[in-house]
>>> print(open('target_21.tsv').read())   # TSV, C-alpha atoms
chain	number	residue	atom	x	y	z
A	26	MET	CA	-14.30	34.10	44.72
A	27	ASN	CA	-11.94	36.30	42.74
A	28	ARG	CA	-11.55	36.25	38.98
A	29	GLU	CA	-8.34	34.18	38.99
A	30	ILE	CA	-9.94	31.40	41.08
A	31	MET	CA	-13.04	31.42	38.88
A	32	ARG	CA	-10.86	31.03	35.81
A	33	ASN	CA	-8.92	28.13	37.27
A	34	THR	CA	-11.96	26.25	38.57
A	35	GLY	CA	-13.83	26.80	35.30
A	36	THR	CA	-10.93	25.45	33.29
A	37	ALA	CA	-10.59	22.42	35.56
A	38	ARG	CA	-14.16	21.37	34.80
A	39	ILE	CA	-13.44	21.12	31.06
A	40	PRO	CA	-11.77	17.79	30.11
A	41	THR	CA	-8.67	18.25	27.98
A	42	GLU	CA	-9.86	15.41	25.77
A	43	ARG	CA	-12.94	17.45	24.81
A	44	LEU	CA	-10.78	20.42	23.83
A	45	VAL	CA	-8.52	18.16	21.77
A	46	SER	CA	-11.58	16.68	20.04
A	47	LEU	CA	-12.93	20.14	19.19
A	48	LEU	CA	-9.58	21.25	17.80
A	49	GLN	CA	-9.49	18.15	15.63
A	50	THR	CA	-13.04	18.84	14.45
A	51	PHE	CA	-11.81	22.17	13.11
A	52	THR	CA	-8.75	20.36	11.62
A	53	LEU	CA	-6.37	22.09	14.01
A	54	LYS	CA	-4.44	18.84	14.28
A	55	HIS	CA	-1.04	20.27	15.14
A	56	ALA	CA	-2.39	22.33	18.03
A	57	ALA	CA	-4.49	19.38	19.21
A	58	LYS	CA	-1.43	17.14	19.34
A	59	ILE	CA	0.37	19.30	21.91
A	60	LEU	CA	-2.60	20.93	23.65
A	61	PRO	CA	-1.66	19.53	27.11
A	62	ASP	CA	1.76	21.17	26.79
A	63	LEU	CA	0.18	24.45	25.67
A	64	LEU	CA	-2.20	24.37	28.63
A	65	GLU	CA	0.62	23.66	31.06
A	66	THR	CA	2.72	26.50	29.65
A	67	ALA	CA	-0.24	28.87	29.81
A	68	ASP	CA	-0.80	28.00	33.49
A	69	LEU	CA	2.87	28.40	34.39
A	70	GLU	CA	3.12	31.74	32.62
A	71	ASN	CA	-0.32	32.91	33.78
A	72	ALA	CA	-1.15	33.64	30.15
A	73	SER	CA	-4.16	35.73	29.23
A	74	HIS	CA	-6.92	34.36	27.03
A	75	LYS	CA	-5.52	36.23	24.04
A	76	GLU	CA	-2.01	34.90	24.67
A	77	PHE	CA	-3.26	31.34	24.96
A	78	LEU	CA	-5.33	31.65	21.79
A	79	LEU	CA	-2.30	33.09	20.01
A	80	SER	CA	-0.16	30.13	21.10
A	81	ILE	CA	-2.73	27.70	19.69
A	82	LEU	CA	-2.96	29.48	16.35
A	83	GLU	CA	0.80	29.94	16.02
A	84	THR	CA	1.38	26.26	16.79
A	85	GLU	CA	-1.07	25.29	14.07
A	86	VAL	CA	0.47	27.64	11.50
A	87	ILE	CA	3.99	26.39	12.25
A	88	GLY	CA	2.85	22.77	11.99
A	89	ARG	CA	1.04	23.33	8.69
A	90	ASN	CA	3.99	25.21	7.21
A	91	GLU	CA	6.35	22.38	8.17
A	92	ARG	CA	4.01	19.79	6.68
A	93	ARG	CA	3.79	21.84	3.50
A	94	ARG	CA	7.58	22.18	3.39
A	95	LYS	CA	8.05	18.41	3.70
A	96	ARG	CA	5.43	17.78	1.02
A	97	ASN	CA	7.10	20.28	-1.33
A	98	TYR	CA	10.51	18.78	-0.65
A	99	SER	CA	9.26	15.29	-1.48
A	100	ALA	CA	7.59	16.50	-4.67
A	101	ALA	CA	10.71	18.37	-5.82
A	102	HIS	CA	12.57	15.13	-6.68
A	103	PHE	CA	15.96	16.58	-5.77
A	104	PRO	CA	19.06	14.46	-6.42
A	105	PRO	CA	20.65	12.65	-3.44
A	106	CYS	CA	23.35	14.14	-1.18
A	107	LEU	CA	21.58	17.48	-1.00
A	108	LYS	CA	23.61	20.23	0.66
A	109	PRO	CA	22.12	23.61	1.67
A	110	LEU	CA	23.84	26.71	0.38
A	111	GLU	CA	24.65	27.76	3.92
A	112	GLU	CA	26.92	24.74	4.36
A	113	PHE	CA	29.48	25.53	1.70
A	114	SER	CA	31.70	28.35	0.53
A	115	PRO	CA	31.99	29.44	-3.13
A	116	ASP	CA	35.68	28.60	-2.81
A	117	GLU	CA	34.70	24.92	-2.66
A	118	LEU	CA	33.13	25.08	-6.12
A	119	ASP	CA	36.08	26.45	-8.08
A	120	SER	CA	33.44	28.05	-10.31
A	121	GLY	CA	34.07	31.77	-10.17
A	122	ILE	CA	30.73	32.54	-8.51
A	123	THR	CA	31.14	34.93	-5.60
A	124	GLN	CA	29.56	35.01	-2.16
A	125	ALA	CA	28.00	38.36	-3.05
A	126	GLN	CA	26.28	36.78	-6.07
A	127	LEU	CA	25.02	33.90	-3.95
A	128	ASP	CA	23.72	36.24	-1.27
A	129	LYS	CA	21.87	38.24	-3.92
A	130	LEU	CA	20.32	35.10	-5.42
A	131	LYS	CA	19.26	33.88	-1.96
A	132	GLU	CA	17.12	37.01	-1.55
A	133	LEU	CA	14.82	35.35	-4.17
A	134	THR	CA	13.89	38.71	-5.71
A	135	TRP	CA	14.28	37.08	-9.12
A	136	LEU	CA	11.77	34.40	-8.11
A	137	ASP	CA	9.26	36.93	-6.80
A	138	ASN	CA	9.57	38.79	-10.12
A	139	GLY	CA	9.07	35.64	-12.22
A	140	GLY	CA	12.66	35.67	-13.47
A	141	ASN	CA	14.88	32.92	-14.83
A	142	LEU	CA	18.48	31.91	-14.13
A	143	VAL	CA	20.93	30.26	-16.52
A	144	PHE	CA	24.05	28.64	-15.07
A	145	ALA	CA	26.46	27.87	-17.92
A	146	GLY	CA	29.89	26.27	-17.88
A	147	PRO	CA	31.87	23.03	-18.14
A	148	PRO	CA	30.93	19.99	-16.03
A	149	GLY	CA	32.12	19.68	-12.46
A	150	LEU	CA	32.07	23.33	-11.39
A	151	GLY	CA	29.01	23.29	-9.14
A	152	LYS	CA	26.17	24.49	-11.37
A	153	THR	CA	23.79	21.78	-10.19
A	154	HIS	CA	24.88	22.25	-6.59
A	155	VAL	CA	24.01	25.96	-6.65
A	156	ALA	CA	20.75	25.37	-8.52
A	157	VAL	CA	19.59	22.67	-6.08
A	158	GLY	CA	20.74	24.77	-3.11
A	159	LEU	CA	18.59	27.64	-4.35
A	160	GLY	CA	15.71	25.22	-4.86
A	161	LEU	CA	15.97	23.99	-1.28
A	162	HIS	CA	16.19	27.57	-0.04
A	163	ALA	CA	13.05	28.40	-2.04
A	164	ILE	CA	11.16	25.47	-0.47
A	165	ASN	CA	12.21	26.58	3.00
A	166	SER	CA	10.89	30.02	2.08
A	167	GLY	CA	7.47	28.61	1.16
A	168	TYR	CA	7.70	28.14	-2.63
A	169	THR	CA	6.91	24.99	-4.61
A	170	VAL	CA	9.86	23.57	-6.57
A	171	CYS	CA	10.39	20.79	-9.10
A	172	PHE	CA	13.76	19.44	-10.26
A	173	GLU	CA	14.40	17.37	-13.38
A	174	LYS	CA	17.44	16.54	-15.43
A	175	MET	CA	16.93	17.40	-19.09
A	176	VAL	CA	17.06	13.73	-20.12
A	177	ASN	CA	14.28	12.89	-17.66
A	178	LEU	CA	12.20	15.91	-18.65
A	179	VAL	CA	12.40	14.86	-22.31
A	180	ARG	CA	11.21	11.37	-21.37
A	181	ILE	CA	8.32	12.85	-19.38
A	182	LEU	CA	7.31	15.05	-22.31
A	183	ASP	CA	7.55	12.08	-24.67
A	184	THR	CA	5.29	9.83	-22.58
A	185	ALA	CA	2.97	12.23	-20.71
A	186	GLU	CA	-0.01	11.30	-22.88
A	187	THR	CA	0.49	7.54	-22.56
A	188	GLU	CA	1.96	7.00	-19.09
A	189	ARG	CA	-0.03	8.03	-16.04
A	190	SER	CA	3.04	8.70	-13.88
A	191	ALA	CA	4.60	10.91	-16.55
A	192	GLY	CA	1.37	12.83	-17.01
A	193	PHE	CA	1.10	13.36	-13.26
A	194	ARG	CA	4.70	14.56	-13.06
A	195	LEU	CA	4.20	16.97	-15.96
A	196	LYS	CA	1.16	18.41	-14.22
A	197	ASN	CA	3.22	19.02	-11.06
A	198	LEU	CA	6.03	20.60	-13.07
A	199	LYS	CA	3.65	23.05	-14.68
A	200	LYS	CA	2.21	24.04	-11.28
A	201	ALA	CA	5.58	24.61	-9.59
A	202	GLN	CA	6.65	28.16	-8.82
A	203	LEU	CA	10.27	27.23	-9.54
A	204	ILE	CA	11.40	24.63	-12.08
A	205	ILE	CA	15.03	23.48	-12.19
A	206	ILE	CA	16.11	21.90	-15.50
A	207	ASP	CA	19.54	20.35	-15.10
A	208	GLU	CA	22.17	19.39	-17.68
A	209	ILE	CA	20.74	20.94	-20.83
A	210	GLY	CA	22.98	20.07	-23.75
A	211	TYR	CA	24.61	16.98	-22.26
A	212	THR	CA	22.66	14.67	-24.57
A	213	PRO	CA	21.20	15.44	-28.03
A	214	ILE	CA	17.45	15.53	-28.59
A	215	THR	CA	15.36	14.96	-31.69
A	216	ARG	CA	13.45	17.65	-33.56
A	217	SER	CA	10.12	16.44	-32.16
A	218	GLN	CA	11.55	16.40	-28.62
A	219	ALA	CA	12.85	19.95	-29.15
A	220	ASN	CA	9.37	21.03	-30.20
A	221	ARG	CA	7.83	19.48	-27.08
A	222	PHE	CA	10.48	21.13	-24.90
A	223	PHE	CA	9.76	24.49	-26.54
A	224	THR	CA	6.03	24.01	-25.91
A	225	PHE	CA	6.72	23.18	-22.26
A	226	ILE	CA	8.80	26.35	-21.78
A	227	SER	CA	6.14	28.40	-23.58
A	228	ASP	CA	3.48	26.99	-21.26
A	229	THR	CA	5.41	27.71	-18.06
A	230	TYR	CA	7.72	30.71	-18.48
A	231	GLU	CA	5.03	33.27	-17.65
A	232	SER	CA	3.77	31.48	-14.51
A	233	SER	CA	6.99	29.90	-13.18
A	234	SER	CA	10.62	30.83	-12.73
A	235	ILE	CA	13.12	28.43	-14.28
A	236	ILE	CA	16.73	27.66	-13.45
A	237	PHE	CA	18.68	26.11	-16.33
A	238	THR	CA	22.08	24.47	-15.92
A	239	THR	CA	23.99	23.80	-19.13
A	240	ASN	CA	27.43	23.00	-20.45
A	241	LYS	CA	26.76	25.09	-23.55
A	242	GLU	CA	26.69	28.81	-24.18
A	243	SER	CA	23.31	30.07	-25.35
A	244	MET	CA	24.68	30.56	-28.88
A	245	ASP	CA	25.35	26.81	-29.03
A	246	TRP	CA	21.83	25.74	-28.03
A	247	ALA	CA	20.78	25.59	-31.69
A	248	GLU	CA	23.03	22.56	-32.15
A	249	MET	CA	21.26	20.81	-29.28
A	250	MET	CA	17.78	21.80	-30.45
A	251	GLY	CA	18.50	21.14	-34.12
A	252	ASP	CA	16.56	24.24	-35.18
A	253	PRO	CA	18.04	27.79	-35.03
A	254	VAL	CA	14.63	29.46	-35.38
A	255	LEU	CA	13.14	27.38	-32.56
A	256	THR	CA	16.20	28.05	-30.41
A	257	THR	CA	15.91	31.81	-30.93
A	258	ALA	CA	12.24	31.72	-29.93
A	259	LEU	CA	13.10	29.62	-26.88
A	260	LEU	CA	15.84	32.00	-25.71
A	261	ASP	CA	13.53	34.97	-26.26
A	262	ARG	CA	11.07	33.44	-23.80
A	263	ILE	CA	13.78	32.63	-21.27
A	264	LEU	CA	15.48	36.01	-21.40
A	265	GLN	CA	12.52	38.36	-21.80
A	266	SER	CA	11.30	37.72	-18.23
A	267	ALA	CA	11.17	40.48	-15.65
A	268	TYR	CA	14.50	39.36	-14.25
A	269	HIS	CA	17.08	37.02	-15.71
A	270	THR	CA	20.69	36.21	-14.93
A	271	MET	CA	23.25	34.33	-17.00
A	272	LEU	CA	26.06	33.11	-14.74
A	273	ASN	CA	29.12	31.69	-16.44
A	274	PHE	CA	30.85	29.06	-14.33
A	275	ALA	CA	34.45	29.06	-15.50
>>> encode(input="target_21.tsv", output="structure tokens")
Amino acid sequence: MNREIMRNTGTARIPTERLVSLLQTFTLKHAAKILPDLLETADLENASHKEFLLSILETEVIGRNERRRKRNYSAAHFPPCLKPLEEFSPDELDSGITQAQLDKLKELTWLDNGGNLVFAGPPGLGKTHVAVGLGLHAINSGYTVCFEKMVNLVRILDTAETERSAGFRLKNLKKAQLIIIDEIGYTPITRSQANRFFTFISDTYESSSIIFTTNKESMDWAEMMGDPVLTTALLDRILQSAYHTMLNFA
């Protein structure tokens, strides 16, 4: 009996169900789910033991990455009608941002370096669209992302110690690799809320990258915060990171 026949007869004596059970025991659930297909492909292609093992491990890695991506997407709390950056042209935004700038941002070098982005300009020019598009691109690249409008973030900070859901959300925000804070300056905040917002930025700016969208220039943030000294300290933290970009949408 040659080696090929021995391999085939040996494999035939092992029930597929037992292999599936063993894969599940080692929590290789994604590979276990399609093991019959993997076995059939291996037989058709006369795959070696190493090739078959590689197909099992790659299937599991792909499945886990997709599950992680879906979990991260759900936890991001993106707004509805999400559109990936690849599906639009800068010409659609009427914002002044160029394709070259978008391509550079999509490299995510700024995120790897712990940098921040500030998108400033009047309403309706696509600041949120670009920020969310970058957030989705980051998730697809394996990063964790959280999105909140400023008004919602202020509410979370106000109630984190008394509401369980707010406390849980704040914990997730602080763990995210990328935080998107949308519409800063659209609604005024109190002095105590400004202090809590400053504390939040101070707690996260060294461990997370942050994208800010705002309808105000940085010099006008003091009006929103109600405290020029606090605003200066806040901007110092935002802009002293390893990489930061202020894009004016006009």
>>> residues_around(input="target_21.tsv", residues="Glu65 of chain A", least_positions_apart="4", cutoff="12 Å", atoms="all atoms listed in the file", output="ChimeraX atom specification")
/A:36,41,59-61,69-72,77,80
>>> atom_distance(input="target_21.tsv", atom1="atom CA of Arg94 of chain A", atom2="atom CA of Thr224 of chain A")
29.4 Å
>>> closest_residue(input="target_21.tsv", among="A:Ser46, A:Thr239, A:Thr257, A:Thr52", to="Pro147 of chain A", atoms="only C-alpha atoms")
A:Thr239
>>> atom_distance(input="target_21.tsv", atom1="atom CA of Thr84 of chain A", atom2="atom CA of Ala56 of chain A")
5.6 Å
>>> closest_residue(input="target_21.tsv", among="A:Val176, A:Leu203, A:Leu150, A:Leu110", to="Leu136 of chain A", atoms="only C-alpha atoms")
A:Leu203
>>> atom_distance(input="target_21.tsv", atom1="atom CA of Tyr98 of chain A", atom2="atom CA of Ile205 of chain A")
13.3 Å
>>> residues_around(input="target_21.tsv", residues="Gly167 of chain A", least_positions_apart="5", cutoff="9 Å", atoms="only C-alpha atoms", output="ChimeraX atom specification")
/A:90,93-94,97,162
>>> closest_residue(input="target_21.tsv", among="A:Ile235, A:Met244, A:Ile164, A:Ile214", to="Ile263 of chain A", atoms="only C-alpha atoms")
A:Ile235
